[in-house]
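Quick notes on the structure that follows.
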Amino acid sequence: MAHLNQRRPQNVNGDFYVDTTCIDCDTCRWMTPEVFSRVDEQSAVYHQPTNEAERLAALEALLACPTSSIGTVEKPKDIKDAQQKFPILVAENVYHCGYHSEKSYGAASYLIQLPEGNILVDSPRFTPPLVKRLEELGPIRYMYLTHKDDVADHQKFAEHFQCDRILHVDDITADTRNVEIQLTGSEPSTLTPDLLIIPVPGHTKGQTVLLYKNKFLFTGDHLAWSENFHQLAAFHDFCWYSWSEQTKSMRNLANYSFEWVLPGHGRRFHADRETMRQQMHKCIEFMESLD
């Protein structure tokens, strides 16, 4: 939990605050931009909630914060209302799980709700309020892991929900050696008729992305919207395997059609297919300029 005696002086006066344990992961800022902003390389409250909707959104960010760096001066009596909001609907049957984990530096994770069994995309924090809500939404069939960085509490989820985990063999580590489905090779593989796994080595050697219904693209740390560049981009400073391979992977990914980019790190992006196509080519041009 956040500590009032560590409250950052950059916060405006009021109930909500961010303390000095913030790791600058950006979670609260993209979830609740009307309350949180970046000041001196950490988050801070720049606007106190002034209505119930803003307060609920601020509490959602508080719960999602991977380091519990967001606090309130007064104990929130409405915290259970915020807990009930997770997972938060993104669109159709796709949800943002919230409860980001410090183990994956605050990466976002998602849930796809399907009649034949739900799919967790990357791992949120294993916490009772979220687990209860996930149980209410139906059984989990698969836990798809985009890459080795964002596996967080995968073992606890696998044991609790008895789901099969999916991860490319090139990203298997000692912590994930017991993953049930270990992908191989560089060709796309079909999980179900609506779900395609596409290898995109670059950020890590075994990074893959998941394309659902040719509409939702779950990208892990391969691709995201950049607020700094105001376009789709890749993380040049956080490329652990090969930037040239990641650029090659991005060219291949541009051949697919989709409307949503749902990343682990970075911000999500939604646009019509033509705008998305243009954005992908801008991203590739940006990446090639850094080669």
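As shown in the structure tokens, the chain order sets the letters A, B, ...; within each chain, residues go from 1, and ligands are also counted from 1 in the order they appear.
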Could you pull the residues within 8 Å of segment 220-235 of chain A, counting only C-alpha atoms, minus those fewer than 6 positions along the same chain, as a PyMOL selection string? chain A and resi 122+146-147+150+200+202-203+207-209+246+261-269+279-280+282-283+286-287
Just want the 7 Å neighbourhood of segment 62-72 of chain A, counted on only C-alpha atoms, with same-chain residues fewer than 4 positions away dropped. Output as an MDAnalysis selection string. chainID A and resid 1:2 15:19 21:22 27:28 58 98:102 106
Using only C-alpha atoms, determine which residues lie at most 10 Å from Asp78 of chain A, disregarding the query and same-chain residues fewer than 6 positions distant; provide the list as a VMD selection string. chain A and resid 55 to 56 59
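Near segment 7-13 of chain A, within 8 Å and counting only C-alpha atoms, sit Asp19, Thr20, Val39, Ala44, Val45, Tyr46, His47 and Gln48 of chain A, not including residues fewer than 6 positions from it in the same chain.
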In segment 54-276 of chain A, what's strand (DSSP E) per DSSP? Answer as an MDAnalysis selection string? chainID A and resid 70:72 88:91 94:96 110:112 118:121 140:144 164:168 181:183 189:192 195:199 208:212 216:220 224:226 231:233 260:263 269:270
Could you give me, as a PyMOL selection string, the residues within 7 Å of Ser189 of chain A, counting only C-alpha atoms and dropping anything in the same chain fewer than 4 positions from it? chain A and resi 196-198
Could the residues in this selection be written to a file with N, CA and C atoms, as a PDB file, in the first residue's frame?
ATOM      1  N   LEU A 196      -4.948 -16.798 -34.187  1.00  0.00           N
ATOM      2  CA  LEU A 196      -3.708 -17.100 -34.889  1.00  0.00           C
ATOM      3  C   LEU A 196      -2.520 -16.572 -34.094  1.00  0.00           C
ATOM      4  N   ILE A 197      -1.550 -17.440 -33.837  1.00  0.00           N
ATOM      5  CA  ILE A 197      -0.317 -17.054 -33.143  1.00  0.00           C
ATOM      6  C   ILE A 197       0.755 -16.795 -34.190  1.00  0.00           C
ATOM      7  N   ILE A 198       1.353 -15.596 -34.144  1.00  0.00           N
ATOM      8  CA  ILE A 198       2.329 -15.182 -35.152  1.00  0.00           C
ATOM      9  C   ILE A 198       3.679 -14.921 -34.482  1.00  0.00           C
TER      10      ILE A 198
END
Using only C-alpha atoms, the shortest atom-to-atom distance to Lys103 of chain A among A:Ala152, A:Leu89, A:Leu210, A:Ala254 belongs to A:Ala152
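Comparing A:His168, A:Lys77, A:Arg273, A:Lys205 by their smallest distance to Ser249 of chain A, the closest is A:Lys205 (using only C-alpha atoms).
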Point-to-point distance from atom CA of Phe126 of chain A to atom CA of Ser109 of chain A, Å rounded to tenths: 11.8 Å
Test item, helix (DSSP H, G or I) assignment across segment 35-150 of chain A, answer as number ranges by chain: A: 52-64, 79-83, 102-104, 128-136, 148-150
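Taking atom CA of Asn118 of chain A and atom CA of Leu134 of chain A as endpoints, the distance between them is 9.3 Å.
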